[in-house]
$ cat upload-v2.txt   # compact mmCIF, C-alpha atoms and all ligand atoms
# COMPACT_ATOMS: atom_id res chain seq x y z
CA MET L 1 6.13 -11.50 -12.33
CA ASN L 2 3.82 -14.39 -11.36
CA PHE L 3 0.25 -13.40 -10.78
CA PRO L 4 -2.66 -15.70 -9.99
CA LEU L 5 -4.85 -16.45 -12.98
CA HIS L 6 -8.40 -15.14 -12.96
CA ASP L 7 -11.22 -15.82 -15.33
CA GLY L 8 -12.66 -12.35 -14.77
CA SER L 9 -15.70 -13.64 -12.91
CA CYS L 10 -14.11 -13.02 -9.48
CA GLY L 11 -16.03 -15.48 -7.29
CA HIS L 12 -14.11 -16.33 -4.11
CA SER L 13 -10.83 -14.96 -5.43
CA CYS L 14 -12.06 -11.38 -5.22
CA CYS L 15 -10.47 -9.97 -2.09
CA LEU L 16 -11.73 -6.39 -2.29
CA ARG L 17 -14.71 -5.19 -4.29
CA VAL L 18 -15.38 -1.47 -4.68
CA GLU L 19 -18.51 -0.48 -6.57
CA ASN L 20 -19.78 3.00 -7.42
CA LEU L 21 -17.69 4.54 -4.68
CA THR L 22 -18.40 8.24 -4.27
CA VAL L 23 -16.78 10.42 -1.61
CA ARG L 24 -18.01 13.93 -0.97
CA ILE L 25 -16.36 16.50 1.25
CA GLY L 26 -18.93 19.24 1.68
CA ALA L 27 -20.44 19.92 -1.74
CA ASP L 28 -17.29 18.71 -3.48
CA ALA L 29 -17.23 15.21 -5.04
CA ILE L 30 -13.65 14.11 -4.37
CA LEU L 31 -14.32 10.71 -5.96
CA LYS L 32 -17.18 9.73 -8.23
CA ASP L 33 -18.42 6.23 -9.14
CA VAL L 34 -15.13 4.39 -8.73
CA ASN L 35 -15.20 0.64 -9.41
CA LEU L 36 -12.34 -1.72 -8.60
CA HIS L 37 -11.95 -5.44 -7.95
CA VAL L 38 -8.73 -6.57 -6.29
CA HIS L 39 -8.10 -10.32 -6.43
CA CYS L 40 -6.19 -12.32 -3.86
CA GLY L 41 -2.45 -12.13 -4.43
CA GLU L 42 -2.73 -9.20 -6.82
CA MET L 43 -0.66 -6.02 -6.84
CA VAL L 44 -2.80 -3.06 -7.89
CA ALA L 45 -1.30 0.38 -8.47
CA LEU L 46 -3.41 3.51 -8.18
CA ILE L 47 -1.99 6.43 -10.14
CA GLY L 48 -3.14 9.98 -10.83
CA PRO L 49 -2.01 13.60 -10.50
CA ASN L 50 -1.74 15.36 -7.14
CA GLY L 51 -5.19 16.01 -5.72
CA ALA L 52 -6.75 13.21 -7.84
CA GLY L 53 -8.25 11.54 -4.78
CA LYS L 54 -5.79 8.63 -4.39
CA SER L 55 -5.28 9.02 -0.65
CA THR L 56 -9.00 9.69 -0.20
CA PHE L 57 -9.74 6.38 -1.94
CA LEU L 58 -7.39 4.52 0.41
CA LYS L 59 -8.89 6.28 3.44
CA ALA L 60 -12.41 5.28 2.38
CA ILE L 61 -11.25 1.64 2.24
CA LEU L 62 -9.66 2.06 5.67
CA GLY L 63 -12.99 3.34 7.01
CA GLN L 64 -11.65 6.85 7.59
CA ARG L 65 -13.89 8.63 5.06
CA GLU L 66 -17.64 8.59 4.65
CA TYR L 67 -18.74 7.31 1.25
CA SER L 68 -21.65 6.04 -0.77
CA GLY L 69 -21.41 2.84 -2.81
CA VAL L 70 -19.99 -0.53 -1.85
CA ILE L 71 -16.69 -1.52 -0.26
CA ALA L 72 -16.76 -5.26 0.40
CA PHE L 73 -14.01 -7.65 1.49
CA SER L 74 -13.85 -11.37 1.18
CA THR L 75 -11.59 -12.97 3.78
CA PRO L 76 -10.97 -16.65 2.95
CA GLY L 77 -12.55 -19.09 5.41
CA ALA L 78 -14.21 -16.37 7.48
CA ARG L 79 -16.67 -14.46 5.37
CA SER L 80 -18.22 -12.59 8.26
CA ARG L 81 -14.95 -11.64 9.93
CA LYS L 82 -13.74 -8.08 9.54
CA PRO L 83 -10.71 -7.99 7.25
CA ARG L 84 -7.33 -7.08 8.63
CA ILE L 85 -5.88 -4.19 6.66
CA GLY L 86 -2.19 -3.40 6.85
CA TYR L 87 -1.56 0.28 6.14
CA VAL L 88 1.64 2.15 5.40
CA PRO L 89 0.82 5.89 5.44
CA GLN L 90 2.41 8.46 3.16
CA SER L 91 5.92 9.50 4.35
CA PRO L 92 5.34 10.18 8.06
CA ALA L 93 7.86 12.73 9.33
CA PHE L 94 10.10 11.80 12.25
CA ASP L 95 12.31 14.30 14.05
CA PRO L 96 15.92 13.44 13.06
CA SER L 97 17.08 14.21 16.61
CA ASP L 98 14.42 12.05 18.29
CA PRO L 99 16.05 9.26 20.34
CA VAL L 100 13.22 6.76 19.59
CA SER L 101 14.65 3.55 18.12
CA VAL L 102 13.00 1.07 15.76
CA ALA L 103 12.65 -1.31 18.73
CA ASP L 104 10.92 1.46 20.75
CA LEU L 105 8.53 2.13 17.85
CA PHE L 106 7.51 -1.54 17.68
CA ALA L 107 7.15 -1.68 21.47
CA CYS L 108 4.78 1.32 21.40
CA CYS L 109 2.70 -0.21 18.62
CA MET L 110 2.68 -3.82 19.79
CA SER L 111 2.64 -3.76 23.59
CA ARG L 112 1.31 -1.63 26.43
CA ARG L 113 4.68 -1.55 28.14
CA PRO L 114 6.10 2.02 28.13
CA ALA L 115 9.03 2.32 25.71
CA PHE L 116 11.32 3.82 28.40
CA LEU L 117 11.27 0.46 30.25
CA GLY L 118 13.04 -1.12 27.28
CA LEU L 119 12.16 -4.28 25.41
CA GLY L 120 11.79 -7.62 27.19
CA LYS L 121 13.72 -10.56 25.69
CA ALA L 122 10.59 -12.17 24.18
CA MET L 123 9.40 -8.87 22.71
CA ARG L 124 12.82 -8.20 21.17
CA GLN L 125 12.69 -11.62 19.53
CA THR L 126 9.18 -10.86 18.17
CA VAL L 127 10.39 -7.53 16.76
CA LEU L 128 13.37 -9.27 15.12
CA GLU L 129 10.99 -11.78 13.51
CA CYS L 130 8.84 -8.91 12.19
CA LEU L 131 11.89 -7.15 10.78
CA GLU L 132 13.07 -10.40 9.20
CA ARG L 133 10.07 -10.24 6.85
CA VAL L 134 11.61 -7.10 5.32
CA HIS L 135 15.22 -8.25 5.70
CA GLY L 136 15.66 -5.50 8.28
CA GLU L 137 16.92 -7.23 11.46
CA ASP L 138 19.97 -4.93 11.45
CA LEU L 139 17.69 -1.90 11.83
CA ILE L 140 16.33 -2.83 15.27
CA ASP L 141 18.57 -0.50 17.31
CA LYS L 142 18.74 2.35 14.80
CA ARG L 143 17.03 5.63 15.61
CA VAL L 144 13.88 6.06 13.52
CA GLY L 145 14.87 9.64 12.69
CA ALA L 146 18.21 8.45 11.27
CA LEU L 147 16.72 5.90 8.84
CA SER L 148 16.98 6.47 5.09
CA GLY L 149 13.72 6.78 3.14
CA GLY L 150 13.95 3.15 2.02
CA GLU L 151 14.79 1.86 5.51
CA LEU L 152 11.87 3.77 7.03
CA GLN L 153 9.48 2.28 4.48
CA ARG L 154 10.75 -1.21 5.30
CA VAL L 155 10.22 -0.63 9.03
CA LEU L 156 6.69 0.72 8.43
CA LEU L 157 6.03 -2.24 6.15
CA ALA L 158 7.17 -4.67 8.87
CA LEU L 159 4.77 -2.94 11.30
CA ALA L 160 1.90 -3.19 8.80
CA LEU L 161 2.56 -6.92 8.37
CA GLU L 162 2.10 -7.73 12.07
CA PRO L 163 -0.34 -9.34 12.42
CA LEU L 164 -0.47 -10.51 8.79
CA PRO L 165 -3.24 -8.57 7.05
CA ASN L 166 -5.73 -9.75 4.41
CA ILE L 167 -4.85 -6.76 2.29
CA LEU L 168 -1.89 -4.39 2.39
CA ILE L 169 -2.37 -0.73 1.50
CA LEU L 170 0.53 1.64 0.92
CA ASP L 171 0.26 5.35 0.14
CA GLU L 172 3.19 6.45 -2.03
CA PRO L 173 5.76 4.12 -0.47
CA LEU L 174 8.33 5.09 -3.11
CA SER L 175 8.35 8.83 -2.46
CA GLY L 176 11.51 9.82 -0.60
CA VAL L 177 13.23 6.58 -1.66
CA ASP L 178 16.21 6.68 -4.06
CA VAL L 179 16.07 4.83 -7.38
CA GLU L 180 18.07 1.84 -6.10
CA GLY L 181 15.93 1.70 -2.95
CA MET L 182 12.75 1.71 -5.06
CA ALA L 183 13.70 -1.54 -6.81
CA VAL L 184 14.68 -3.11 -3.47
CA LEU L 185 11.34 -2.10 -1.93
CA MET L 186 9.30 -3.29 -4.91
CA ASP L 187 11.16 -6.64 -4.96
CA MET L 188 10.39 -6.98 -1.27
CA LEU L 189 6.71 -6.19 -1.76
CA ASP L 190 6.59 -8.71 -4.56
CA GLU L 191 8.23 -11.37 -2.39
CA ILE L 192 5.76 -10.66 0.43
CA ARG L 193 2.84 -10.78 -2.02
CA GLN L 194 3.89 -14.19 -3.29
CA THR L 195 4.88 -15.64 0.09
CA TYR L 196 1.59 -14.76 1.79
CA ASP L 197 -0.68 -14.64 -1.29
CA LEU L 198 -1.36 -11.08 -0.15
CA SER L 199 -3.33 -8.49 -2.09
CA ILE L 200 -1.51 -5.18 -2.29
CA LEU L 201 -2.99 -1.81 -3.22
CA MET L 202 -0.55 1.07 -3.52
CA THR L 203 -0.43 4.59 -4.89
CA THR L 204 2.63 5.75 -6.78
CA HIS L 205 4.02 8.31 -9.19
CA ASP L 206 6.78 5.95 -10.36
CA PHE L 207 5.23 4.60 -13.54
CA SER L 208 8.34 2.91 -14.93
CA LEU L 209 8.13 0.16 -12.28
CA LEU L 210 4.51 -0.71 -13.03
CA PRO L 211 4.93 -3.10 -16.00
CA ARG L 212 7.32 -5.22 -13.93
CA TYR L 213 5.42 -5.31 -10.64
CA ALA L 214 1.73 -4.44 -11.03
CA SER L 215 -1.00 -6.76 -12.30
CA GLN L 216 -3.52 -3.96 -12.59
CA VAL L 217 -3.23 -0.18 -12.83
CA VAL L 218 -6.02 2.29 -12.16
CA LEU L 219 -5.65 5.87 -13.36
CA ILE L 220 -7.91 8.23 -11.45
CA ASP L 221 -8.57 11.92 -11.39
CA ARG L 222 -11.68 12.19 -9.22
CA ALA L 223 -13.11 9.40 -11.42
CA VAL L 224 -11.53 6.40 -13.13
CA LEU L 225 -9.93 7.50 -16.42
CA ALA L 226 -8.28 4.22 -17.41
CA GLN L 227 -8.01 0.78 -15.87
CA GLY L 228 -6.41 -2.53 -16.83
CA SER L 229 -2.95 -4.02 -17.35
CA PRO L 230 0.01 -1.63 -16.90
CA GLU L 231 0.55 -1.66 -20.68
CA THR L 232 -3.09 -0.78 -21.39
CA VAL L 233 -3.12 2.14 -18.98
CA LEU L 234 0.36 3.52 -19.73
CA ARG L 235 -0.43 3.51 -23.46
CA SER L 236 -3.87 5.04 -23.07
CA ASP L 237 -4.81 8.49 -24.33
CA ALA L 238 -6.11 9.28 -20.85
CA PHE L 239 -2.64 8.63 -19.39
CA ARG L 240 -0.91 10.80 -22.00
CA GLN L 241 -3.41 13.62 -21.54
CA THR L 242 -3.30 13.48 -17.75
CA PHE L 243 0.48 13.60 -17.52
CA HIS L 244 1.13 15.56 -20.73
CA MET L 245 3.32 12.75 -22.08
CA LYS L 246 4.39 12.63 -25.68
CA GLY L 247 5.53 8.97 -25.96
CA ASP L 248 4.58 5.65 -24.37
CA LEU L 249 6.04 4.40 -21.10
CA ALA L 250 5.05 0.79 -21.67
P1 LIG F 301 -4.09 12.65 -3.85
O1 LIG F 301 -3.75 11.66 -2.78
O2 LIG F 301 -4.44 12.02 -5.15
O3 LIG F 301 -3.02 13.69 -4.04
P2 LIG F 301 -6.16 13.47 -2.00
O4 LIG F 301 -7.03 12.28 -1.87
O5 LIG F 301 -5.22 13.74 -0.89
O6 LIG F 301 -5.40 13.43 -3.41
O7 LIG F 301 -7.08 14.76 -2.19
C1 LIG F 301 -8.05 14.85 -3.20
C2 LIG F 301 -8.76 16.18 -3.08
O8 LIG F 301 -9.55 16.16 -1.89
C3 LIG F 301 -7.84 17.38 -2.98
O9 LIG F 301 -8.42 18.42 -3.71
C4 LIG F 301 -7.83 17.69 -1.51
O10 LIG F 301 -7.62 19.05 -1.31
C5 LIG F 301 -9.23 17.27 -1.09
N1 LIG F 301 -9.28 16.82 0.30
C6 LIG F 301 -8.69 15.70 0.79
N2 LIG F 301 -8.93 15.57 2.12
C7 LIG F 301 -9.70 16.64 2.44
C8 LIG F 301 -10.31 17.09 3.68
N3 LIG F 301 -10.16 16.39 4.79
N4 LIG F 301 -11.02 18.23 3.63
C9 LIG F 301 -11.20 18.93 2.48
N5 LIG F 301 -10.66 18.54 1.29
C10 LIG F 301 -9.93 17.43 1.28
MG MG F 302 -2.04 11.37 -1.61

$ encode --input "upload-v2.txt" --output "structure tokens" --more "lines below"
Ligand code: ADP
Ligand code: MG
Amino acid sequence: MNFPLHDGSCGHSCCLRVENLTVRIGADAILKDVNLHVHCGEMVALIGPNGAGKSTFLKAILGQREYSGVIAFSTPGARSRKPRIGYVPQSPAFDPSDPVSVADLFACCMSRRPAFLGLGKAMRQTVLECLERVHGEDLIDKRVGALSGGELQRVLLALALEPLPNILILDEPLSGVDVEGMAVLMDMLDEIRQTYDLSILMTTHDFSLLPRYASQVVLIDRAVLAQGSPETVLRSDAFRQTFHMKGDLA
């Protein structure tokens, strides 16, 4: 994969800077002193066991959790502007019998027009253009509840990309997606990353894809246990101990 080169000093190419991030819920420290720099155009994977604090970390970045420490964004050309964050939440459940279509879902999210009035011609064209980014134009009239795991993730991804964000955050986008669909989704994310020079931060349990797609991996369990290239983290003692692995994955 092609990743932008960095000299390690960050400067203007640092898109997201997290320093000494601590999140407490009641007396419990869910996350302690987490540090992470995400550079522009980088794909960073956050891994860790269930309950490690991965989703909490993402929610703190999204402004949905109180924290101490620093979360700072650098948006090129507009330092003072608030960053746009695209967010794909963890497997939202849709009722399989619900009649809501993909077009209806976009209409609800993108316009104030009630979905039951249908989509105007211009709006339908806009939705098609959004779906084109994820090669999903053919999904526009499908019922959301009838989508496969991979199709649903592509639709949610298309929603998160409109308007184009400064950073894209995905919480376990590969869960509920079959093995073939995982590669399709990761290729798509990689294409989007390169096309828009977008920084992507995602959580996952699918470690085998990391060497191919991620530039940086962060292993957390309440605190950072290992951090660096996929090879460094997947070969670390911390990784083996956390997941009770006997051999290397990288
Ligand atoms: P992960 O995404 O890595 O599985 P989470 O960030 O969802 O982990 O949760 C980390 C820990 O924080 C868990 O022990 C969870 O029970 C706890 N936690 C998360 N959100 C809340 C909350 N709103 N109230 C109380 N505890 C929470
Ligand atoms: Mg989670």

$ residues_near_ligand --input "upload-v2.txt" --ligand "ligand MG 302 (chain F)" --cutoff "12 Å" --atoms "all atoms listed in the file" --output "NGL selection string"
:L and (46-59 or 89-91 or 170-173 or 175 or 202-205 or 220-221)

$ residues_around --input "upload-v2.txt" --residues "Asp95 (chain L)" --least-positions-apart "2" --cutoff "9 Å" --atoms "all atoms listed in the file" --output "list in words"
Ala93, Ser97, Asp98, Pro99, Val144, Gly145 and Ala146 of chain L

$ residues_around --input "upload-v2.txt" --residues "Leu164 (chain L)" --least-positions-apart "3" --cutoff "8 Å" --atoms "only C-alpha atoms" --output "JSON, numbers by chain"
{"L": [84, 86, 160, 161]}

$ atom_distance --input "upload-v2.txt" --atom1 "CA of Phe94 (chain L)" --atom2 "CA of Asn166 (chain L)"
27.9 Å

$ closest_residue --input "upload-v2.txt" --among "L:His244, L:Lys32, L:His135, L:Arg124" --to "ligand LIG 301 (chain F)" --atoms "all atoms listed in the file"
L:Lys32

$ atom_distance --input "upload-v2.txt" --atom1 "CA of Glu129 (chain L)" --atom2 "CA of Pro96 (chain L)"
25.7 Å

$ closest_residue --input "upload-v2.txt" --among "L:Pro165, L:Pro230, L:Gly176, L:Gly26" --to "ligand LIG 301 (chain F)" --atoms "only C-alpha atoms and all ligand atoms"
L:Gly26

$ atom_distance --input "upload-v2.txt" --atom1 "CA of Val233 (chain L)" --atom2 "CA of Val184 (chain L)"
24.2 Å

$ closest_residue --input "upload-v2.txt" --among "L:Arg154, L:Arg235, L:Arg222, L:Arg143" --to "ligand LIG 301 (chain F)" --atoms "all atoms listed in the file"
L:Arg222

$ closest_residue --input "upload-v2.txt" --among "L:Met186, L:Val155, L:Ile25, L:Leu62" --to "ligand LIG 301 (chain F)" --atoms "all atoms listed in the file"
L:Ile25

$ axis_aligned_box --input "upload-v2.txt" --around "ligand LIG 301 (chain F)" --padding-each-side "4 Å" --output "AutoDock Vina command-line options"
--center_x -7.1 --center_y 15.4 --center_z -0.2 --size_x 16.2 --size_y 15.4 --size_z 17.9

$ closest_residue --input "upload-v2.txt" --among "L:Ala226, L:Leu219, L:Met110, L:Val100" --to "ligand LIG 301 (chain F)" --atoms "all atoms listed in the file"
L:Leu219

$ residues_around --input "upload-v2.txt" --residues "region 193-198 of chain L" --least-positions-apart "4" --cutoff "8 Å" --atoms "all atoms listed in the file" --output "VMD selection string"
chain L and resid 40 to 43 165 to 168 189

$ closest_residue --input "upload-v2.txt" --among "L:Phe239, L:Met123, L:Ile30, L:Ser111" --to "Ala60 (chain L)" --atoms "only C-alpha atoms"
L:Ile30

$ residues_around --input "upload-v2.txt" --residues "Ile61 (chain L)" --least-positions-apart "5" --cutoff "10 Å" --atoms "all atoms listed in the file" --output "PyMOL selection string"
chain L and resi 16+18+21+55-56+66-67+70-73+85+169

$ write_last_selection --input "upload-v2.txt" --atoms "C-alpha atoms" --output "tab-separated table (two decimals), in the frame of the given file"
chain	number	residue	atom	x	y	z
L	16	LEU	CA	-11.73	-6.39	-2.29
L	18	VAL	CA	-15.38	-1.47	-4.68
L	21	LEU	CA	-17.69	4.54	-4.68
L	55	SER	CA	-5.28	9.02	-0.65
L	56	THR	CA	-9.00	9.69	-0.20
L	66	GLU	CA	-17.64	8.59	4.65
L	67	TYR	CA	-18.74	7.31	1.25
L	70	VAL	CA	-19.99	-0.53	-1.85
L	71	ILE	CA	-16.69	-1.52	-0.26
L	72	ALA	CA	-16.76	-5.26	0.40
L	73	PHE	CA	-14.01	-7.65	1.49
L	85	ILE	CA	-5.88	-4.19	6.66
L	169	ILE	CA	-2.37	-0.73	1.50

$ decode --input "upload-v2.txt" --residues "region 130-143 of chain L" --atoms "C-alpha atoms" --output "CSV table (one decimal), in the first residue's frame"
chain,number,residue,atom,x,y,z
L,130,CYS,CA,-22.7,9.5,-2.8
L,131,LEU,CA,-23.2,5.8,-3.5
L,132,GLU,CA,-20.9,6.0,-6.5
L,133,ARG,CA,-18.0,6.7,-4.0
L,134,VAL,CA,-18.5,3.2,-2.6
L,135,HIS,CA,-19.5,1.6,-6.0
L,136,GLY,CA,-23.0,1.1,-4.6
L,137,GLU,CA,-25.3,2.9,-7.1
L,138,ASP,CA,-27.3,-0.4,-7.5
L,139,LEU,CA,-28.2,-0.3,-3.8
L,140,ILE,CA,-30.3,2.9,-3.9
L,141,ASP,CA,-33.7,1.2,-4.0
L,142,LYS,CA,-32.9,-1.8,-1.8
L,143,ARG,CA,-34.4,-2.0,1.7
